[in-house]
Amino acid sequence: MEKILVLDFGGQYAQLIARRVREQHVYAEIRSYKTPLGEIRAGGYRGIIFTGGPNSVYDPAAPKCDPAVLRLGVPVLGICYGCQLMAHLEGGEVGSAGSISEYGKVELSVRPSPLFEGVPENSVCWMSHTDYVKAVPEGFSVIGTSAQCPAAAIACAARGLYGVQFHPEVTHTEYGRDMLANFLKKICGCAGDWTMEDFVRASVEKYRKELGGKKVLCALSGGVDSSVAAVLMHRAVGDGLTCVFVDHGLLRKGEGDAVERVFREKFSMNLIRVNAGERFLGKLAGAEEPEKKRMIIGEEFIRVFEDEAKKIGHVHVLVQGTIYPDVVESGVGEAATIKSHHNVGGLPSVVDFDEIVEPLRLLFKDEVRAAGLELGIPRELVMRQPFPGPGLAIRVLGEVTREKLAVLRECDAIFREEIDRAGLDKNPDQYFAVLTGSRAVGVMGDARTYGHTVALRAVSTDDFMTADWSRLPFDVLAKASARITNEVRSVSRVVYDITSKPPATVEWE
Ligand code: XMP
């Protein structure tokens, strides 16, 4: 398999770079800049990309890789800090001057180079830097400039070394995609034949060989990742797989049944559904603090799963729906974790198993969805918007009760239905209702009411690290509000959340 190494120097963009590479159908993996040279050599990479990073190469604590990485005979593309580091390690000079700092869209002029094939001489790129390459190393030449940056792109074509001060991975760089494609195909010689179909076929074959005849157990949360992992494993080991679907009673309207139907009817799986709603509510009684609620739910999920697993007895394999961002967040990468990872999960301590298998650990979320479609999981299940592991419990502010959950479930279903019906060009990336916990006075008929205040939230975002509130058409909001107050009796007021992240978060808790 053709592989590209994304060597992570602490930029926020490592995942984005890996994803852009995979969009060219070349498999990419992210590893720390500390990865020993021997491992990099043994990795058999077709090319290496140095990411950006917040440091200056002259900082004593600046992350640096072994300079010999540049002499492996493998092409390297350095981006931003990665470009400066390349120049520095090769004996060039990196300058630092506040007045030179560039941020945002900048005019870029390029000279003929394999990296810029098909890229016009003048285009727009995205810059974000203070330091810059002041003098290129011996053997390198300047292949791109901007007004503030005499060496916006450098190359030593004979050795396959390229550096760009700007960020080709962000969409603001007009021809960034072409530049990355050139690096992968023209410079590294990749064919770009990594497809989801291949991935699914290869995984199924591998697990069929390795796990055929074994007893395999999978915990389902109702979410996309564990569902895809289960279906993939089912294709490999068939009836050897038993799925335990822990329904914590905090799913959206109709969601638990929809998941069950697909698993039972479409895939005829051995499925045990545990309706543990009461059990979760019992544990949540009196809990008001968001983090406390998260902790209770995470722990209880494992306890319920353990109880079922005990009945099943010894299993050979436990399947987990871990995906690539989880792997990276749990310490492979170098970027500061902005938001702690919060999937319901963890490792059951008393389940009797020999080994853990994570069939999706190489995939990004959109790739997991593509794999799900490839496996024949219905689109409406696979393409669901993100839903937090603790479910509606973190959308009922304060203490969670059965009554509040029922109210929220209805309001949320109406809002989602109205957005889906509106036929917007693009739906918001996440949209849902929140039960705010405050009551408001209203009037219905001739009577005074005093009911729930429901907030509607819709955001657009690329990565959920930052998000903007969606400018939904007023008509859609009006319709949702009218339906909610008409159809859900105990609600007397509907408000729309117009806060971005930051300073707010997507969820209210
Ligand atoms: P925040 O609220 O942190 O949300 O801006 C960012 C994204 O993460 C989801 N989220 C969670 N997902 N368990 C999860 O599995 C959680 O505890 C959790 N909290 C937030 C949120 O829905 C959004 O997509």
# chains A, B, ... in the order shown; residues from 1 in each chain; ligands from 1

call {"tool": "residues_around", "arguments": {"residues": "A:Ile17", "least_positions_apart": "6", "cutoff": "12 Å", "atoms": "only C-alpha atoms", "output": "PyMOL selection string"}}
result
chain A and resi 4-8+11+23-24+26-30+48-52+77-79+167-171+176-177+180-181+364

call {"tool": "closest_atom_pairs", "arguments": {"of": "chain A", "to": "ligand 1", "cutoff": "8 Å", "atoms": "only C-alpha atoms and all ligand atoms", "output": "tab-separated table"}}
result
residue	atom	partner	partner_atom_place_in_ligand_line	distance
A:Arg294	CA	ligand 1	17 (O)	6.0
A:Lys339	CA	ligand 1	3 (O)	6.2
A:His341	CA	ligand 1	13 (N)	7.2
A:His342	CA	ligand 1	13 (N)	4.0
A:Asn343	CA	ligand 1	15 (O)	3.8
A:Val344	CA	ligand 1	15 (O)	6.1
A:Pro386	CA	ligand 1	24 (O)	5.2
A:Phe387	CA	ligand 1	22 (O)	5.1
A:Pro388	CA	ligand 1	12 (N)	3.4
A:Gly389	CA	ligand 1	15 (O)	3.7
A:Pro390	CA	ligand 1	17 (O)	5.5
A:Gly391	CA	ligand 1	13 (N)	7.6
A:Ile394	CA	ligand 1	19 (N)	7.7
A:Gln430	CA	ligand 1	24 (O)	6.8
A:Phe464	CA	ligand 1	6 (C)	5.0
A:Met465	CA	ligand 1	6 (C)	6.4
A:Thr466	CA	ligand 1	5 (O)	7.4
A:Ala467	CA	ligand 1	5 (O)	7.8
A:Lys501	CA	ligand 1	5 (O)	6.7
A:Ala504	CA	ligand 1	5 (O)	7.3
A:Thr505	CA	ligand 1	5 (O)	3.6
A:Val506	CA	ligand 1	5 (O)	3.7
A:Glu507	CA	ligand 1	2 (O)	3.7
A:Trp508	CA	ligand 1	2 (O)	6.5
A:Glu509	CA	ligand 1	2 (O)	6.7

call {"tool": "write_last_selection", "arguments": {"atoms": "N, CA, C and O atoms", "output": "JSON list (two decimals), in the first residue's frame"}}
result
[["chain", "number", "residue", "atom", "x", "y", "z"],
["A", 294, "ARG", "N", -21.74, 13.35, 32.47],
["A", 294, "ARG", "CA", -20.93, 12.61, 31.48],
["A", 294, "ARG", "C", -20.27, 11.40, 32.11],
["A", 294, "ARG", "O", -20.25, 10.31, 31.54],
["A", 339, "LYS", "N", -10.18, 20.16, 23.11],
["A", 339, "LYS", "CA", -11.38, 19.69, 23.82],
["A", 339, "LYS", "C", -11.10, 18.23, 24.18],
["A", 339, "LYS", "O", -10.72, 17.46, 23.32],
["A", 341, "HIS", "N", -11.42, 14.40, 24.78],
["A", 341, "HIS", "CA", -12.22, 13.47, 23.99],
["A", 341, "HIS", "C", -13.35, 12.91, 24.86],
["A", 341, "HIS", "O", -13.15, 12.54, 25.99],
["A", 342, "HIS", "N", -14.55, 12.86, 24.26],
["A", 342, "HIS", "CA", -15.64, 12.48, 25.14],
["A", 342, "HIS", "C", -16.56, 11.39, 24.64],
["A", 342, "HIS", "O", -17.74, 11.41, 24.84],
["A", 343, "ASN", "N", -16.00, 10.43, 23.97],
["A", 343, "ASN", "CA", -16.88, 9.33, 23.56],
["A", 343, "ASN", "C", -17.23, 8.44, 24.73],
["A", 343, "ASN", "O", -16.41, 8.19, 25.59],
["A", 344, "VAL", "N", -18.49, 8.00, 24.73],
["A", 344, "VAL", "CA", -18.84, 7.00, 25.72],
["A", 344, "VAL", "C", -18.04, 5.77, 25.34],
["A", 344, "VAL", "O", -17.95, 5.40, 24.19],
["A", 386, "PRO", "N", -23.49, 14.53, 13.89],
["A", 386, "PRO", "CA", -22.84, 14.04, 15.11],
["A", 386, "PRO", "C", -23.80, 14.12, 16.29],
["A", 386, "PRO", "O", -24.60, 15.05, 16.37],
["A", 387, "PHE", "N", -23.70, 13.15, 17.15],
["A", 387, "PHE", "CA", -24.56, 13.13, 18.33],
["A", 387, "PHE", "C", -23.67, 12.73, 19.51],
["A", 387, "PHE", "O", -22.96, 11.73, 19.43],
["A", 388, "PRO", "N", -23.68, 13.50, 20.58],
["A", 388, "PRO", "CA", -22.73, 13.20, 21.66],
["A", 388, "PRO", "C", -23.06, 11.88, 22.36],
["A", 388, "PRO", "O", -24.23, 11.54, 22.50],
["A", 389, "GLY", "N", -22.02, 11.19, 22.78],
["A", 389, "GLY", "CA", -22.21, 9.92, 23.49],
["A", 389, "GLY", "C", -23.20, 10.03, 24.64],
["A", 389, "GLY", "O", -24.08, 9.19, 24.79],
["A", 390, "PRO", "N", -23.11, 11.07, 25.49],
["A", 390, "PRO", "CA", -24.06, 11.17, 26.61],
["A", 390, "PRO", "C", -25.47, 11.57, 26.16],
["A", 390, "PRO", "O", -26.37, 11.70, 27.01],
["A", 391, "GLY", "N", -25.63, 11.75, 24.87],
["A", 391, "GLY", "CA", -26.97, 11.94, 24.32],
["A", 391, "GLY", "C", -27.71, 13.16, 24.85],
["A", 391, "GLY", "O", -27.11, 14.19, 25.18],
["A", 394, "ILE", "N", -27.04, 15.80, 28.01],
["A", 394, "ILE", "CA", -26.32, 17.08, 28.10],
["A", 394, "ILE", "C", -27.06, 18.18, 27.34],
["A", 394, "ILE", "O", -26.55, 19.28, 27.15],
["A", 430, "GLN", "N", -24.58, 20.68, 12.48],
["A", 430, "GLN", "CA", -25.24, 20.08, 13.64],
["A", 430, "GLN", "C", -26.42, 20.97, 14.02],
["A", 430, "GLN", "O", -26.30, 22.19, 14.02],
["A", 464, "PHE", "N", -15.57, 21.21, 14.23],
["A", 464, "PHE", "CA", -16.21, 21.27, 15.55],
["A", 464, "PHE", "C", -15.32, 21.89, 16.64],
["A", 464, "PHE", "O", -15.70, 21.99, 17.78],
["A", 465, "MET", "N", -14.11, 22.28, 16.26],
["A", 465, "MET", "CA", -13.23, 22.98, 17.21],
["A", 465, "MET", "C", -13.69, 24.44, 17.28],
["A", 465, "MET", "O", -13.62, 25.08, 18.31],
["A", 466, "THR", "N", -14.08, 24.98, 16.13],
["A", 466, "THR", "CA", -14.70, 26.28, 16.09],
["A", 466, "THR", "C", -16.00, 26.10, 15.30],
["A", 466, "THR", "O", -16.10, 25.15, 14.51],
["A", 467, "ALA", "N", -16.94, 26.97, 15.52],
["A", 467, "ALA", "CA", -18.22, 26.83, 14.80],
["A", 467, "ALA", "C", -18.91, 28.18, 14.75],
["A", 467, "ALA", "O", -18.73, 29.02, 15.64],
["A", 501, "LYS", "N", -18.78, 29.47, 18.45],
["A", 501, "LYS", "CA", -17.77, 28.79, 19.27],
["A", 501, "LYS", "C", -16.40, 29.15, 18.72],
["A", 501, "LYS", "O", -16.17, 28.88, 17.53],
["A", 504, "ALA", "N", -18.78, 30.37, 22.96],
["A", 504, "ALA", "CA", -19.64, 29.29, 23.46],
["A", 504, "ALA", "C", -19.09, 27.96, 22.96],
["A", 504, "ALA", "O", -18.14, 27.94, 22.17],
["A", 505, "THR", "N", -19.66, 26.86, 23.39],
["A", 505, "THR", "CA", -19.37, 25.57, 22.77],
["A", 505, "THR", "C", -20.61, 25.18, 21.97],
["A", 505, "THR", "O", -21.63, 25.86, 22.03],
["A", 506, "VAL", "N", -20.51, 24.12, 21.21],
["A", 506, "VAL", "CA", -21.66, 23.70, 20.41],
["A", 506, "VAL", "C", -22.78, 23.26, 21.34],
["A", 506, "VAL", "O", -23.91, 23.74, 21.27],
["A", 507, "GLU", "N", -22.47, 22.33, 22.22],
["A", 507, "GLU", "CA", -23.46, 21.87, 23.20],
["A", 507, "GLU", "C", -23.57, 22.91, 24.31],
["A", 507, "GLU", "O", -22.63, 23.65, 24.57],
["A", 508, "TRP", "N", -24.72, 22.91, 24.97],
["A", 508, "TRP", "CA", -24.90, 23.87, 26.07],
["A", 508, "TRP", "C", -24.26, 23.37, 27.36],
["A", 508, "TRP", "O", -24.10, 24.11, 28.30],
["A", 509, "GLU", "N", -24.00, 22.09, 27.43],
["A", 509, "GLU", "CA", -23.32, 21.59, 28.64],
["A", 509, "GLU", "C", -22.06, 20.87, 28.23],
["A", 509, "GLU", "O", -21.99, 20.29, 27.15]]

call {"tool": "residues_around", "arguments": {"residues": "A:Leu362", "least_positions_apart": "2", "cutoff": "8 Å", "atoms": "only C-alpha atoms", "output": "PyMOL selection string"}}
result
chain A and resi 323-324+359-360+364

call {"tool": "write_last_selection", "arguments": {"atoms": "N, CA, C and O atoms", "output": "JSON list (two decimals), in the first residue's frame"}}
result
[["chain", "number", "residue", "atom", "x", "y", "z"],
["A", 323, "ILE", "N", -11.99, 5.48, 16.03],
["A", 323, "ILE", "CA", -11.64, 5.97, 14.70],
["A", 323, "ILE", "C", -10.36, 6.82, 14.78],
["A", 323, "ILE", "O", -9.88, 7.11, 15.87],
["A", 324, "TYR", "N", -9.84, 7.20, 13.63],
["A", 324, "TYR", "CA", -8.49, 7.79, 13.59],
["A", 324, "TYR", "C", -8.34, 9.04, 14.48],
["A", 324, "TYR", "O", -7.34, 9.16, 15.20],
["A", 359, "PRO", "N", -11.46, -2.06, 13.95],
["A", 359, "PRO", "CA", -11.38, -2.10, 12.48],
["A", 359, "PRO", "C", -11.39, -0.73, 11.81],
["A", 359, "PRO", "O", -11.05, -0.64, 10.64],
["A", 360, "LEU", "N", -11.76, 0.32, 12.55],
["A", 360, "LEU", "CA", -11.84, 1.64, 11.90],
["A", 360, "LEU", "C", -10.74, 2.59, 12.35],
["A", 360, "LEU", "O", -10.80, 3.78, 12.10],
["A", 364, "PHE", "N", -10.89, 8.43, 9.04],
["A", 364, "PHE", "CA", -11.51, 9.66, 9.50],
["A", 364, "PHE", "C", -13.02, 9.49, 9.45],
["A", 364, "PHE", "O", -13.54, 8.59, 8.79]]

call {"tool": "closest_atom_pairs", "arguments": {"of": "stretch 111-229 of chain A", "to": "stretch 57-68 of chain A", "cutoff": "12 Å", "atoms": "only C-alpha atoms", "output": "tab-separated table"}}
result
residue	atom	partner	partner_atom	distance
A:Thr130	CA	A:Val57	CA	11.6
A:Asp131	CA	A:Val57	CA	8.7
A:Tyr132	CA	A:Val57	CA	10.2
A:Val133	CA	A:Val57	CA	10.7

call {"tool": "write_last_selection", "arguments": {"atoms": "N, CA and C atoms", "output": "short mmCIF file (atom, residue, chain, number, x, y, z; two decimals), in the first residue's frame"}}
result
data_model
loop_
_atom_site.label_atom_id
_atom_site.label_comp_id
_atom_site.auth_asym_id
_atom_site.auth_seq_id
_atom_site.Cartn_x
_atom_site.Cartn_y
_atom_site.Cartn_z
N THR A 130 5.21 34.31 11.31
CA THR A 130 6.06 35.44 11.65
C THR A 130 7.45 35.16 11.10
N ASP A 131 7.94 33.95 11.37
CA ASP A 131 9.26 33.57 10.84
C ASP A 131 9.16 33.30 9.34
N TYR A 132 10.30 33.35 8.68
CA TYR A 132 10.30 33.06 7.24
C TYR A 132 11.70 32.62 6.83
N VAL A 133 11.79 32.01 5.66
CA VAL A 133 13.10 31.57 5.17
C VAL A 133 13.79 32.78 4.56
#

call {"tool": "closest_residue", "arguments": {"among": "A:Ala147, A:Ala478, A:Ala14, A:Ala458", "to": "A:Cys125", "atoms": "only C-alpha atoms"}}
result
A:Ala147

call {"tool": "select_by_dssp", "arguments": {"residues": "stretch 58-205 of chain A", "states": "helix (DSSP H, G or I)", "output": "MDAnalysis selection string"}}
result
chainID A and resid 67:71 81:89 98:100 114:116 157:159 176:187 196:205

call {"tool": "closest_residue", "arguments": {"among": "A:Gly376, A:Pro290, A:Gly10, A:Pro502", "to": "A:Val262", "atoms": "only C-alpha atoms"}}
result
A:Gly376

call {"tool": "select_by_dssp", "arguments": {"residues": "stretch 81-153 of chain A", "states": "strand (DSSP E)", "output": "count of residues only"}}
result
32

call {"tool": "closest_residue", "arguments": {"among": "A:Ser492, A:Asn486, A:Thr195, A:Ser227", "to": "A:Thr449", "atoms": "only C-alpha atoms"}}
result
A:Ser492

call {"tool": "closest_residue", "arguments": {"among": "A:Leu271, A:Ala219, A:Val259, A:Leu424", "to": "A:Thr322", "atoms": "only C-alpha atoms"}}
result
A:Ala219

call {"tool": "closest_residue", "arguments": {"among": "A:Gly372, A:Gly139, A:Gly442, A:Gly313", "to": "A:Met196", "atoms": "only C-alpha atoms"}}
result
A:Gly372

call {"tool": "residues_around", "arguments": {"residues": "A:Arg384", "least_positions_apart": "2", "cutoff": "12 Å", "atoms": "only C-alpha atoms", "output": "list in words"}}
result
Gly222, Gly223, Val224, Asp225, Ser227, Arg252, Glu255, Ala258, Val259, Lys365, Asp366, Arg369, Gly372, Ile377, Pro378, Arg379, Glu380, Leu381, Val382, Pro386, Phe387, Pro388, Arg416, Asp420, Asn427, Pro428, Asp429, Gln430 and Tyr431 of chain A

call {"tool": "atom_distance", "arguments": {"atom1": "atom CA of A:Glu308", "atom2": "atom CA of A:Leu232"}}
result
21.9 Å

call {"tool": "atom_distance", "arguments": {"atom1": "atom CA of A:Arg22", "atom2": "atom CA of A:Leu363"}}
result
9.8 Å

call {"tool": "residues_around", "arguments": {"residues": "A:Glu138", "least_positions_apart": "3", "cutoff": "12 Å", "atoms": "only C-alpha atoms", "output": "PyMOL selection string"}}
result
chain A and resi 86-93+135+141-142+154-156

call {"tool": "write_last_selection", "arguments": {"atoms": "all heavy atoms", "output": "mmCIF file, in the first residue's frame"}}
result
data_model
loop_
_atom_site.group_PDB
_atom_site.id
_atom_site.type_symbol
_atom_site.label_atom_id
_atom_site.label_comp_id
_atom_site.auth_asym_id
_atom_site.auth_seq_id
_atom_site.Cartn_x
_atom_site.Cartn_y
_atom_site.Cartn_z
ATOM 1 N N MET A 86 13.018 22.655 7.481
ATOM 2 C CA MET A 86 13.773 22.046 6.382
ATOM 3 C C MET A 86 14.951 22.955 6.007
ATOM 4 O O MET A 86 16.097 22.506 5.901
ATOM 5 C CB MET A 86 12.845 21.847 5.177
ATOM 6 C CG MET A 86 13.517 21.301 3.955
ATOM 7 S SD MET A 86 12.376 21.235 2.549
ATOM 8 C CE MET A 86 11.485 19.754 2.887
ATOM 9 N N ALA A 87 14.655 24.249 5.855
ATOM 10 C CA ALA A 87 15.709 25.200 5.496
ATOM 11 C C ALA A 87 16.781 25.234 6.583
ATOM 12 O O ALA A 87 17.986 25.202 6.301
ATOM 13 C CB ALA A 87 15.097 26.582 5.291
ATOM 14 N N HIS A 88 16.340 25.266 7.823
ATOM 15 C CA HIS A 88 17.261 25.353 8.956
ATOM 16 C C HIS A 88 18.160 24.107 9.017
ATOM 17 O O HIS A 88 19.384 24.223 9.145
ATOM 18 C CB HIS A 88 16.418 25.488 10.234
ATOM 19 C CG HIS A 88 17.213 25.495 11.498
ATOM 20 N ND1 HIS A 88 18.044 26.526 11.838
ATOM 21 C CD2 HIS A 88 17.292 24.592 12.504
ATOM 22 C CE1 HIS A 88 18.609 26.262 13.009
ATOM 23 N NE2 HIS A 88 18.164 25.085 13.432
ATOM 24 N N LEU A 89 17.554 22.930 8.895
ATOM 25 C CA LEU A 89 18.336 21.682 9.000
ATOM 26 C C LEU A 89 19.319 21.531 7.848
ATOM 27 O O LEU A 89 20.336 20.862 7.968
ATOM 28 C CB LEU A 89 17.404 20.459 9.028
ATOM 29 C CG LEU A 89 16.478 20.313 10.230
ATOM 30 C CD1 LEU A 89 15.583 19.087 10.070
ATOM 31 C CD2 LEU A 89 17.255 20.213 11.536
ATOM 32 N N GLU A 90 19.002 22.187 6.738
ATOM 33 C CA GLU A 90 19.866 22.066 5.559
ATOM 34 C C GLU A 90 20.884 23.205 5.474
ATOM 35 O O GLU A 90 21.557 23.361 4.463
ATOM 36 C CB GLU A 90 19.003 22.053 4.291
ATOM 37 C CG GLU A 90 18.275 20.734 4.072
ATOM 38 C CD GLU A 90 19.227 19.629 3.594
ATOM 39 O OE1 GLU A 90 19.997 19.863 2.658
ATOM 40 O OE2 GLU A 90 19.200 18.532 4.185
ATOM 41 N N GLY A 91 20.931 24.027 6.521
ATOM 42 C CA GLY A 91 21.944 25.080 6.564
ATOM 43 C C GLY A 91 21.500 26.426 6.024
ATOM 44 O O GLY A 91 22.316 27.324 5.836
ATOM 45 N N GLY A 92 20.213 26.612 5.783
ATOM 46 C CA GLY A 92 19.712 27.924 5.359
ATOM 47 C C GLY A 92 19.485 28.814 6.576
ATOM 48 O O GLY A 92 19.793 28.431 7.706
ATOM 49 N N GLU A 93 18.917 29.992 6.313
ATOM 50 C CA GLU A 93 18.708 30.914 7.429
ATOM 51 C C GLU A 93 17.219 31.256 7.566
ATOM 52 O O GLU A 93 16.546 31.531 6.572
ATOM 53 C CB GLU A 93 19.501 32.196 7.193
ATOM 54 C CG GLU A 93 19.637 33.026 8.454
ATOM 55 C CD GLU A 93 20.294 34.385 8.165
ATOM 56 O OE1 GLU A 93 21.040 34.490 7.158
ATOM 57 O OE2 GLU A 93 20.026 35.324 8.929
ATOM 58 N N ALA A 135 17.357 32.953 3.936
ATOM 59 C CA ALA A 135 18.359 32.528 2.940
ATOM 60 C C ALA A 135 18.177 31.044 2.692
ATOM 61 O O ALA A 135 18.168 30.258 3.642
ATOM 62 C CB ALA A 135 19.761 32.810 3.470
ATOM 63 N N SER A 141 16.425 26.314 -4.478
ATOM 64 C CA SER A 141 16.110 27.560 -5.174
ATOM 65 C C SER A 141 14.736 28.034 -4.730
ATOM 66 O O SER A 141 13.952 27.261 -4.162
ATOM 67 C CB SER A 141 16.132 27.346 -6.685
ATOM 68 O OG SER A 141 15.269 26.287 -6.995
ATOM 69 N N VAL A 142 14.480 29.300 -4.983
ATOM 70 C CA VAL A 142 13.179 29.866 -4.635
ATOM 71 C C VAL A 142 12.227 29.584 -5.795
ATOM 72 O O VAL A 142 12.536 29.885 -6.947
ATOM 73 C CB VAL A 142 13.304 31.389 -4.409
ATOM 74 C CG1 VAL A 142 11.923 32.031 -4.258
ATOM 75 C CG2 VAL A 142 14.171 31.663 -3.179
ATOM 76 N N ILE A 154 10.233 26.945 -1.653
ATOM 77 C CA ILE A 154 11.619 26.612 -1.992
ATOM 78 C C ILE A 154 11.695 25.154 -2.446
ATOM 79 O O ILE A 154 10.809 24.364 -2.113
ATOM 80 C CB ILE A 154 12.578 26.833 -0.788
ATOM 81 C CG1 ILE A 154 12.162 25.947 0.408
ATOM 82 C CG2 ILE A 154 12.605 28.301 -0.377
ATOM 83 C CD1 ILE A 154 13.152 25.958 1.576
ATOM 84 N N ALA A 155 12.738 24.828 -3.171
ATOM 85 C CA ALA A 155 12.852 23.445 -3.630
ATOM 86 C C ALA A 155 14.287 23.052 -3.907
ATOM 87 O O ALA A 155 15.103 23.880 -4.310
ATOM 88 C CB ALA A 155 12.044 23.264 -4.913
ATOM 89 N N CYS A 156 14.563 21.791 -3.649
ATOM 90 C CA CYS A 156 15.777 21.171 -4.160
ATOM 91 C C CYS A 156 15.251 19.969 -4.926
ATOM 92 O O CYS A 156 15.096 18.869 -4.383
ATOM 93 C CB CYS A 156 16.692 20.757 -3.012
ATOM 94 S SG CYS A 156 18.135 19.864 -3.603
#

call {"tool": "atom_distance", "arguments": {"atom1": "atom CA of A:Asp326", "atom2": "atom CA of A:Phe183"}}
result
27.6 Å

call {"tool": "closest_residue", "arguments": {"among": "A:Ala287, A:Val136, A:Ala236, A:Cys80", "to": "A:Lys215", "atoms": "only C-alpha atoms"}}
result
A:Ala236

call {"tool": "residues_around", "arguments": {"residues": "A:Val495", "least_positions_apart": "6", "cutoff": "7 Å", "atoms": "only C-alpha atoms", "output": "list in words"}}
result
Val454, Ala455 and Leu456 of chain A

call {"tool": "residues_around", "arguments": {"residues": "A:Glu418", "least_positions_apart": "2", "cutoff": "8 Å", "atoms": "only C-alpha atoms", "output": "MDAnalysis selection string"}}
result
chainID A and resid 414:416 420:422 476 479:480

call {"tool": "write_last_selection", "arguments": {"atoms": "N, CA, C and O atoms", "output": "JSON list (two decimals), in the first residue's frame"}}
result
[["chain", "number", "residue", "atom", "x", "y", "z"],
["A", 414, "ILE", "N", -39.03, 17.86, 15.92],
["A", 414, "ILE", "CA", -39.71, 18.85, 15.08],
["A", 414, "ILE", "C", -38.69, 19.77, 14.39],
["A", 414, "ILE", "O", -38.74, 20.01, 13.19],
["A", 415, "PHE", "N", -37.74, 20.24, 15.17],
["A", 415, "PHE", "CA", -36.73, 21.16, 14.61],
["A", 415, "PHE", "C", -35.95, 20.47, 13.49],
["A", 415, "PHE", "O", -35.76, 21.01, 12.40],
["A", 416, "ARG", "N", -35.52, 19.25, 13.74],
["A", 416, "ARG", "CA", -34.74, 18.54, 12.71],
["A", 416, "ARG", "C", -35.59, 18.28, 11.47],
["A", 416, "ARG", "O", -35.12, 18.41, 10.35],
["A", 420, "ASP", "N", -34.79, 19.59, 7.70],
["A", 420, "ASP", "CA", -34.68, 18.62, 6.60],
["A", 420, "ASP", "C", -35.69, 18.94, 5.50],
["A", 420, "ASP", "O", -35.39, 18.82, 4.32],
["A", 421, "ARG", "N", -36.88, 19.36, 5.91],
["A", 421, "ARG", "CA", -37.92, 19.67, 4.93],
["A", 421, "ARG", "C", -37.63, 20.95, 4.15],
["A", 421, "ARG", "O", -38.14, 21.14, 3.05],
["A", 422, "ALA", "N", -36.86, 21.86, 4.77],
["A", 422, "ALA", "CA", -36.68, 23.18, 4.17],
["A", 422, "ALA", "C", -35.90, 23.11, 2.86],
["A", 422, "ALA", "O", -35.92, 24.05, 2.07],
["A", 476, "VAL", "N", -37.93, 29.21, 8.33],
["A", 476, "VAL", "CA", -37.70, 27.88, 8.90],
["A", 476, "VAL", "C", -37.80, 27.96, 10.42],
["A", 476, "VAL", "O", -38.45, 27.13, 11.08],
["A", 479, "LYS", "N", -41.47, 28.44, 11.47],
["A", 479, "LYS", "CA", -42.25, 27.21, 11.36],
["A", 479, "LYS", "C", -41.92, 26.27, 12.52],
["A", 479, "LYS", "O", -42.83, 25.70, 13.16],
["A", 480, "ALA", "N", -40.64, 26.14, 12.81],
["A", 480, "ALA", "CA", -40.23, 25.24, 13.91],
["A", 480, "ALA", "C", -40.80, 25.75, 15.22],
["A", 480, "ALA", "O", -41.35, 24.98, 16.02]]
